[in-house]
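Pasted below: final-v7.txt, compact mmCIF, C-alpha atoms.
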```txt
# COMPACT_ATOMS: atom_id res chain seq x y z
CA MET A 22 0.00 0.00 0.00
CA GLN A 23 1.52 3.31 -1.12
CA LEU A 24 1.61 5.88 1.68
CA TYR A 25 1.87 9.63 1.06
CA GLY A 26 2.76 12.20 3.72
CA LEU A 27 1.30 15.63 2.93
CA GLU A 28 2.64 17.85 5.74
CA GLU A 29 6.37 17.23 5.57
CA HIS A 30 8.32 20.38 6.31
CA PHE A 31 11.65 21.85 5.29
CA VAL A 32 13.52 25.15 5.42
CA THR A 33 16.37 26.66 3.44
CA ALA A 34 19.38 28.55 4.73
CA ASP A 35 18.29 31.65 2.79
CA VAL A 36 14.88 31.64 4.48
CA ILE A 37 16.49 31.33 7.90
CA GLU A 38 18.70 34.34 7.14
CA ALA A 39 15.68 36.32 5.95
CA TRP A 40 13.82 35.51 9.18
CA LYS A 41 16.83 36.73 11.20
CA ARG A 42 16.97 39.99 9.25
CA GLN A 43 13.24 40.56 9.66
CA ASP A 44 13.07 39.54 13.33
CA PRO A 45 16.56 39.25 14.91
CA GLN A 46 15.10 38.00 18.20
CA LEU A 47 13.00 35.37 16.41
CA THR A 48 10.03 36.41 18.51
CA GLU A 49 7.43 34.40 16.61
CA PRO A 50 7.00 31.06 18.38
CA LEU A 51 8.51 28.08 16.59
CA MET A 52 11.14 30.08 14.71
CA LYS A 53 13.68 29.65 17.52
CA TRP A 54 12.96 25.94 17.52
CA THR A 55 13.27 25.80 13.75
CA VAL A 56 16.50 27.82 13.66
CA GLY A 57 18.38 26.68 16.75
CA SER A 58 17.48 23.11 17.66
CA PRO A 59 18.41 19.59 16.54
CA LEU A 60 15.47 19.83 14.13
CA THR A 61 17.24 22.49 12.07
CA GLN A 62 19.43 20.03 10.23
CA GLU A 63 16.48 17.74 9.57
CA LEU A 64 14.53 20.67 8.12
CA LEU A 65 17.47 21.68 5.93
CA ASP A 66 17.93 18.12 4.63
CA LEU A 67 16.23 17.59 1.28
CA GLY A 68 18.27 14.52 0.48
CA ASP A 69 19.30 11.14 1.78
CA GLY A 70 18.69 11.83 5.46
CA ARG A 71 15.09 12.80 4.81
CA VAL A 72 14.51 9.75 2.63
CA ALA A 73 15.97 7.53 5.34
CA ALA A 74 13.57 9.04 7.89
CA MET A 75 10.69 8.35 5.50
CA ASP A 76 11.82 4.76 5.18
CA ASP A 77 11.91 4.46 8.95
CA ALA A 78 8.37 5.85 9.27
CA GLY A 79 6.98 3.75 6.43
CA ILE A 80 6.20 6.73 4.17
CA ASP A 81 6.75 6.14 0.47
CA THR A 82 6.32 9.72 -0.80
CA ALA A 83 6.58 13.03 1.06
CA VAL A 84 5.09 16.27 -0.25
CA LEU A 85 7.55 18.93 0.87
CA SER A 86 6.38 22.26 2.26
CA LEU A 87 8.25 25.27 3.62
CA THR A 88 7.81 25.35 7.39
CA THR A 89 5.79 28.07 9.15
CA PRO A 90 5.86 31.08 8.97
CA GLY A 91 7.25 30.49 5.48
CA LEU A 92 7.67 33.73 3.58
CA GLN A 93 4.62 35.29 5.19
CA ASN A 94 6.40 37.28 7.90
CA LEU A 95 8.62 39.06 5.36
CA GLY A 96 8.26 42.25 3.38
CA SER A 97 6.80 41.93 -0.10
CA ALA A 98 10.06 42.44 -2.01
CA GLU A 99 12.04 39.91 0.01
CA ALA A 100 9.25 37.35 -0.06
CA VAL A 101 8.95 37.65 -3.84
CA ALA A 102 12.71 37.36 -4.26
CA LEU A 103 12.79 34.15 -2.21
CA GLN A 104 9.76 32.24 -3.48
CA GLY A 105 11.30 31.24 -6.81
CA PRO A 106 14.63 29.99 -5.43
CA VAL A 107 12.89 28.09 -2.62
CA ASN A 108 10.62 26.31 -5.07
CA ASP A 109 13.51 25.65 -7.43
CA ALA A 110 15.37 23.96 -4.55
CA VAL A 111 12.40 21.69 -3.93
CA ALA A 112 12.13 20.90 -7.63
CA GLU A 113 15.79 19.89 -7.66
CA ALA A 114 15.25 17.63 -4.63
CA VAL A 115 12.29 16.01 -6.38
CA ARG A 116 14.45 15.39 -9.46
CA ARG A 117 17.12 13.74 -7.29
CA HIS A 118 14.55 11.49 -5.60
CA PRO A 119 11.83 10.75 -8.16
CA GLY A 120 8.87 8.93 -6.69
CA ARG A 121 9.95 9.72 -3.13
CA LEU A 122 9.45 13.50 -3.01
CA GLN A 123 6.83 15.89 -4.33
CA GLY A 124 6.36 19.61 -3.73
CA PHE A 125 3.91 22.17 -2.40
CA ALA A 126 4.84 25.66 -3.58
CA ALA A 127 6.02 28.29 -1.12
CA LEU A 128 4.24 31.55 -1.93
CA ALA A 129 5.01 35.21 -1.27
CA THR A 130 1.56 35.97 0.12
CA PRO A 131 2.58 39.58 1.02
CA ALA A 132 2.45 40.12 -2.78
CA PRO A 133 -0.66 38.11 -3.76
CA GLN A 134 -0.47 38.61 -7.54
CA ALA A 135 3.18 37.55 -7.59
CA ALA A 136 2.24 34.59 -5.41
CA ALA A 137 -0.48 33.59 -7.87
CA ASP A 138 2.00 33.82 -10.74
CA GLU A 139 4.47 31.66 -8.83
CA LEU A 140 1.78 29.08 -8.09
CA ARG A 141 1.11 28.82 -11.82
CA ARG A 142 4.82 28.40 -12.52
CA ALA A 143 5.29 25.85 -9.76
CA VAL A 144 2.42 23.70 -11.02
CA THR A 145 2.85 23.99 -14.78
CA GLU A 146 6.65 24.19 -15.03
CA LEU A 147 8.00 22.54 -11.88
CA GLY A 148 5.33 19.86 -11.57
CA PHE A 149 4.25 20.79 -8.03
CA ASN A 150 0.95 19.53 -6.63
CA GLY A 151 -0.40 22.74 -5.14
CA ALA A 152 0.81 25.10 -2.43
CA LEU A 153 1.02 25.40 1.33
CA VAL A 154 0.14 28.72 2.97
CA ASN A 155 0.00 29.69 6.63
CA ALA A 156 -3.09 31.13 8.26
CA HIS A 157 -2.17 34.80 7.98
CA SER A 158 0.21 36.98 6.04
CA GLY A 159 1.79 39.86 7.91
CA ASP A 160 -1.11 41.27 9.90
CA ARG A 161 -3.79 40.09 7.45
CA SER A 162 -5.94 36.97 7.62
CA LEU A 163 -6.00 34.93 4.42
CA ASP A 164 -9.77 35.25 4.03
CA GLN A 165 -9.29 38.87 2.91
CA SER A 166 -10.16 39.61 -0.72
CA GLU A 167 -6.62 40.83 -1.44
CA PHE A 168 -5.53 37.17 -1.39
CA TRP A 169 -8.23 35.92 -3.74
CA ASP A 170 -5.86 36.07 -6.73
CA ILE A 171 -4.14 33.05 -5.17
CA TYR A 172 -7.40 31.15 -4.80
CA GLU A 173 -8.47 32.03 -8.33
CA ALA A 174 -5.20 30.61 -9.68
CA ALA A 175 -5.49 27.50 -7.51
CA GLU A 176 -9.06 26.86 -8.65
CA HIS A 177 -8.16 27.31 -12.30
CA LEU A 178 -5.23 24.91 -11.92
CA ARG A 179 -7.35 22.52 -9.82
CA ALA A 180 -4.39 22.54 -7.43
CA PRO A 181 -5.03 22.13 -3.69
CA VAL A 182 -3.94 24.67 -1.09
CA TYR A 183 -2.79 23.28 2.25
CA LEU A 184 -3.82 25.78 4.95
CA HIS A 185 -1.27 25.41 7.75
CA PRO A 186 -1.21 27.11 11.16
CA ARG A 187 0.86 30.12 11.97
CA ALA A 188 1.29 31.54 15.48
CA PRO A 189 -1.63 33.85 16.35
CA PHE A 190 -1.19 37.61 16.08
CA PRO A 191 0.98 39.01 18.92
CA ALA A 192 -1.93 40.75 20.68
CA VAL A 193 -3.89 37.50 20.66
CA ARG A 194 -0.90 35.54 21.95
CA GLU A 195 -0.46 37.97 24.82
CA ALA A 196 -4.14 38.12 25.76
CA TYR A 197 -5.07 34.46 25.43
CA TYR A 198 -1.88 32.45 25.80
CA GLY A 199 0.54 34.59 27.80
CA GLY A 200 1.27 35.00 31.47
CA PHE A 201 2.86 31.66 32.33
CA GLY A 202 6.39 32.22 31.07
CA GLU A 203 8.33 30.10 28.64
CA PRO A 204 8.00 27.45 27.38
CA VAL A 205 4.32 27.32 28.42
CA ASP A 206 3.30 30.56 26.68
CA SER A 207 4.71 29.46 23.33
CA ALA A 208 3.31 25.94 23.65
CA LEU A 209 -0.18 27.26 24.42
CA ALA A 210 0.02 29.68 21.50
CA THR A 211 1.20 27.07 19.00
CA GLY A 212 1.09 23.28 18.96
CA ALA A 213 -0.82 22.72 22.19
CA LEU A 214 -3.84 24.72 21.10
CA GLY A 215 -3.49 28.30 19.87
CA TRP A 216 -2.45 27.90 16.28
CA HIS A 217 -5.01 25.14 15.71
CA TYR A 218 -7.78 27.53 16.71
CA ASP A 219 -6.18 30.19 14.54
CA ALA A 220 -5.97 28.01 11.41
CA GLY A 221 -9.44 26.56 11.94
CA LEU A 222 -10.89 30.03 12.38
CA THR A 223 -9.12 31.14 9.18
CA ALA A 224 -10.78 28.29 7.28
CA LEU A 225 -14.13 29.25 8.79
CA ARG A 226 -13.57 32.90 7.90
CA MET A 227 -12.80 31.84 4.32
CA ILE A 228 -16.18 30.11 4.17
CA VAL A 229 -18.04 33.05 5.72
CA ALA A 230 -16.20 35.52 3.48
CA GLY A 231 -17.57 33.70 0.44
CA VAL A 232 -14.28 32.32 -0.85
CA PHE A 233 -15.84 28.98 -1.77
CA ASP A 234 -18.97 30.57 -3.19
CA ARG A 235 -16.73 32.65 -5.45
CA PHE A 236 -14.39 29.71 -6.21
CA PRO A 237 -16.60 26.62 -5.84
CA GLU A 238 -13.98 24.17 -7.14
CA LEU A 239 -11.22 25.38 -4.80
CA GLN A 240 -9.84 22.59 -2.60
CA ILE A 241 -8.25 23.32 0.78
CA ILE A 242 -6.42 20.85 3.01
CA LEU A 243 -6.58 21.29 6.80
CA GLY A 244 -4.19 19.39 9.03
CA HIS A 245 -4.44 18.30 12.67
CA TRP A 246 -7.85 16.72 12.12
CA GLY A 247 -9.41 19.91 10.78
CA GLU A 248 -7.85 22.39 13.21
CA VAL A 249 -10.52 22.05 15.93
CA VAL A 250 -13.48 23.36 13.89
CA LEU A 251 -14.27 19.92 12.46
CA PHE A 252 -15.24 18.80 15.96
CA TYR A 253 -17.63 21.73 16.46
CA LEU A 254 -19.58 21.80 13.22
CA ASP A 255 -22.93 21.12 14.87
CA ARG A 256 -22.57 24.32 16.89
CA ILE A 257 -20.96 26.28 14.05
CA SER A 258 -24.18 25.70 12.11
CA LEU A 259 -25.49 28.76 13.99
CA LEU A 260 -23.79 30.68 11.16
CA ASP A 261 -26.02 29.11 8.51
CA GLY A 262 -28.79 31.62 8.97
CA ALA A 263 -26.53 34.61 9.57
CA ALA A 264 -23.78 34.47 6.97
CA GLY A 265 -25.84 34.59 3.76
CA LEU A 266 -23.96 31.65 2.24
CA GLN A 267 -25.11 29.53 -0.66
CA ARG A 268 -24.88 26.34 1.41
CA PRO A 269 -24.72 25.24 5.06
CA VAL A 270 -21.25 25.69 6.58
CA ALA A 271 -20.82 21.95 7.19
CA GLU A 272 -21.36 21.23 3.51
CA TYR A 273 -18.23 23.17 2.54
CA PHE A 274 -16.24 20.77 4.71
CA ARG A 275 -17.59 17.88 2.67
CA THR A 276 -16.98 19.43 -0.75
CA ASN A 277 -14.06 21.89 -0.49
CA ILE A 278 -11.92 20.79 2.46
CA PHE A 279 -9.75 17.72 2.96
CA ILE A 280 -8.57 16.66 6.41
CA THR A 281 -5.25 15.16 7.53
CA PRO A 282 -4.04 14.06 10.97
CA GLY A 283 -0.98 16.33 10.73
CA GLY A 284 1.01 14.05 12.99
CA ILE A 285 -1.73 13.43 15.58
CA SER A 286 -1.99 9.65 15.49
CA SER A 287 -5.43 9.28 17.06
CA HIS A 288 -7.87 6.61 15.95
CA LYS A 289 -10.50 8.37 18.06
CA TYR A 290 -10.11 11.54 15.98
CA LEU A 291 -10.06 9.42 12.83
CA ARG A 292 -13.42 7.86 13.72
CA TRP A 293 -14.93 11.31 14.34
CA SER A 294 -13.56 12.63 11.05
CA LEU A 295 -14.88 9.66 9.13
CA GLU A 296 -18.32 10.20 10.61
CA THR A 297 -18.20 13.93 9.91
CA VAL A 298 -16.76 14.20 6.39
CA GLY A 299 -16.27 10.63 5.15
CA ALA A 300 -13.27 8.64 3.98
CA GLU A 301 -13.18 10.49 0.64
CA ARG A 302 -12.11 13.65 2.48
CA ILE A 303 -9.24 12.34 4.61
CA MET A 304 -5.56 11.90 3.67
CA TYR A 305 -2.41 11.17 5.65
CA ALA A 306 0.25 13.61 6.93
CA SER A 307 3.00 13.01 9.47
CA ASP A 308 4.14 16.61 10.29
CA TYR A 309 7.82 15.68 9.92
CA PRO A 310 10.20 16.56 11.52
CA TYR A 311 8.19 18.13 14.36
CA VAL A 312 6.47 14.79 14.87
CA GLN A 313 8.53 11.72 14.10
CA ALA A 314 7.28 8.21 13.46
CA PRO A 315 10.13 5.75 13.94
CA ASP A 316 9.96 2.01 13.37
CA GLY A 317 7.18 2.20 10.81
CA ALA A 318 4.80 4.13 13.07
CA ALA A 319 3.23 6.10 10.20
CA ARG A 320 2.23 2.96 8.36
CA GLN A 321 1.21 1.24 11.60
CA PHE A 322 -1.26 4.04 12.32
CA LEU A 323 -3.18 3.17 9.16
CA ASP A 324 -2.58 -0.58 9.34
CA THR A 325 -4.20 -0.71 12.78
CA ALA A 326 -6.97 1.83 12.11
CA PRO A 327 -10.51 0.50 12.70
CA ILE A 328 -11.48 0.81 9.02
CA ASP A 329 -11.83 -1.55 6.10
CA ASP A 330 -9.18 -1.96 3.42
CA THR A 331 -11.11 0.17 0.93
CA ASP A 332 -11.10 3.18 3.24
CA ARG A 333 -7.51 2.44 4.29
CA ALA A 334 -6.41 2.74 0.66
CA LYS A 335 -8.34 6.00 0.26
CA LEU A 336 -6.55 7.58 3.21
CA ALA A 337 -3.13 6.22 2.28
CA PHE A 338 -2.97 7.02 -1.42
CA ARG A 339 -6.17 6.94 -3.48
CA ASN A 340 -7.59 10.30 -2.38
CA TRP A 341 -4.28 12.08 -2.98
CA GLU A 342 -3.65 10.43 -6.33
CA LYS A 343 -7.19 11.27 -7.47
CA LEU A 344 -6.76 14.91 -6.39
CA VAL A 345 -3.39 15.21 -8.14
CA ALA A 346 -4.68 13.56 -11.30
CA GLY A 347 -7.14 16.43 -11.74
CA ILE A 348 -4.51 19.19 -11.68
CA ARG A 349 -4.21 21.20 -14.91
CA ARG A 350 -0.54 21.21 -15.92
```
Translate the structure described by the file into structure tokens.
Amino acid sequence: MQLYGLEEHFVTADVIEAWKRQDPQLTEPLMKWTVGSPLTQELLDLGDGRVAAMDDAGIDTAVLSLTTPGLQNLGSAEAVALQGPVNDAVAEAVRRHPGRLQGFAALATPAPQAAADELRRAVTELGFNGALVNAHSGDRSLDQSEFWDIYEAAEHLRAPVYLHPRAPFPAVREAYYGGFGEPVDSALATGALGWHYDAGLTALRMIVAGVFDRFPELQIILGHWGEVVLFYLDRISLLDGAAGLQRPVAEYFRTNIFITPGGISSHKYLRWSLETVGAERIMYASDYPYVQAPDGAARQFLDTAPIDDTDRAKLAFRNWEKLVAGIRR
């Protein structure tokens, strides 16, 4: 059974230097971890070490994506200057390891039209299978109409957009997640809870803003079992009568949004997701290297899941291969 991992992160040395120039203290949570921890070398490795880690986890093909905050904390000019070289580096890694690596484009969201142009190039010239963006760009949420050029390009290409968390805005971090000191403040604001709320709310804002009514074929991927909102859809239905949408909010999750575990290996969450959106809307992601799955743990998660072999194949490879097959090159 072929197994794809769809949230498999990397960074380049040039991006790290750009982060340091933009924010010398690396104040956004996770950047210090990304830049100055044992994970740094794993993130920088687009070669044999990464493939060996995939072999250990039981992942056949990894779809590479620039780690958060990507290029989205940079000024427009620097972000635009970096997006091409970053994507070219991924394309070269894919060429060196055909069949083992694929790519999600890194986009300069501070310059949305340039980002849309780069998405087209990445898909049609580099052979990428969509893009990964983080939940906000600078101080702007990605539901804002200024970013719709990106979604228009993605819909036209039939290329999915992975919506990944980014640390909440500083004022939100301070008000909701601060006051306990490090490392608790950063953990609360990011992987423990905060950025999952933030990314899930961004997806919900995209629905309410009419993104999917304007671009009905657009496909978004949400990690970490739908970034909290998937588990609250019955209550979120309160928006159905207030938002003036073409369809109930829950329906967008069954037609425009795919779900991955994003490294949270929970059969309980899998059962809930299956009941909520169905096996056709779930794919696998390991969140490497932040979550590691040694000794075949990635494959074991699916092998031991309480599902039949038909659904197991959908989650492991069929849903992704079907999605990719529809991309316009």
Next item on the list: List the residues sitting within 12 Å of (14.7, 42.8, 7.4) in the file's frame, using only C-alpha atoms, as a list in words.
Entry: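 Every polymer residue passing the test: Val36, Ile37, Glu38, Ala39, Trp40, Lys41, Arg42, Gln43, Asp44, Pro45, Gln46, Leu47, Asn94, Leu95, Gly96, Ser97, Ala98, Glu99 and Ala100 of chain A.
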Next item on the list: Find the residues around Glu301 of chain A up to 10 Å (only C-alpha atoms counted), leave out those fewer than 3 positions away in its own chain, and share them as a list in words.
Entry: Arg275, Thr276, Phe279, Ile280, Leu295, Val298, Met304, Asp332, Lys335, Leu336, Arg339, Asn340 and Trp341 of chain A
Item checked: Surrounding residues of segment 185-193 of chain A excluding itself and chain neighbours under 3 positions, 7 Å, all atoms listed in the file, as a PyMOL selection string -> chain A and resi 49-50+89-90+153-157+196-197+210-211+215-217+219-220+243-244
Notebook entry, point to check: With all atoms listed in the file as the atoms that count, which of A:Tyr311, A:Phe338, A:Phe274, A:Phe168 lies nearest to Phe252 of chain A?
Noted result: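 The shortest atom-to-atom distance to Phe252 of chain A comes from A:Phe274.
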Item checked: Near-segment 169-176 of chain A list (12 Å; all atoms listed in the file; drop same-chain fewer than 4 positions) as a count of residues only -> 54
Checklist line | Counting all atoms listed in the file, the residue of A:Leu103, A:Thr82, A:Leu147, A:Tyr305 that sits nearest Pro119 of chain A | finding: A:Thr82
Margin query: So that I can see what lies close to Phe31 of chain A, please list as a PyMOL selection string the residues with an atom at most 8 Å from it, counting all atoms listed in the file and leaving out residues fewer than 4 positions away in the same chain.
Written below: chain A and resi 63-67+85-88
Write the selection just made, keeping C-alpha atoms, as a PDB file, keeping the file's coordinate frame?
```pdb
ATOM      1  CA  GLU A  63      16.480  17.740   9.570  1.00  0.00           C
ATOM      2  CA  LEU A  64      14.530  20.670   8.120  1.00  0.00           C
ATOM      3  CA  LEU A  65      17.470  21.680   5.930  1.00  0.00           C
ATOM      4  CA  ASP A  66      17.930  18.120   4.630  1.00  0.00           C
ATOM      5  CA  LEU A  67      16.230  17.590   1.280  1.00  0.00           C
ATOM      6  CA  LEU A  85       7.550  18.930   0.870  1.00  0.00           C
ATOM      7  CA  SER A  86       6.380  22.260   2.260  1.00  0.00           C
ATOM      8  CA  LEU A  87       8.250  25.270   3.620  1.00  0.00           C
ATOM      9  CA  THR A  88       7.810  25.350   7.390  1.00  0.00           C
TER      10      THR A  88
END
```
Check: With all atoms listed in the file as the basis for distance, which of A:Phe201, A:Tyr273, A:Tyr290, A:Tyr25 is at the shortest distance from Asp308 of chain A?
Finding: A:Tyr25
Next item on the list: Tell me, in Å to one decimal, how far atom CA of Ala318 of chain A is from atom CA of Arg292 of chain A.
Entry: 18.6 Å
Margin query: One number please: atom CA of Arg121 of chain A to atom CA of Ala73 of chain A, in Å, one decimal.
Written below: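 Computing it gives 10.6 Å between the two atoms.
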Check: Within 10 Å of Asp324 of chain A, counting all atoms listed in the file, which residues qualify if same-chain residues fewer than 4 places away don't, as a count of residues only?
Finding: 9
Margin query: Between atom CA of Pro315 of chain A and atom CA of Ile303 of chain A, what distance in Å does the model show, to one decimal?
Written below: 22.5 Å
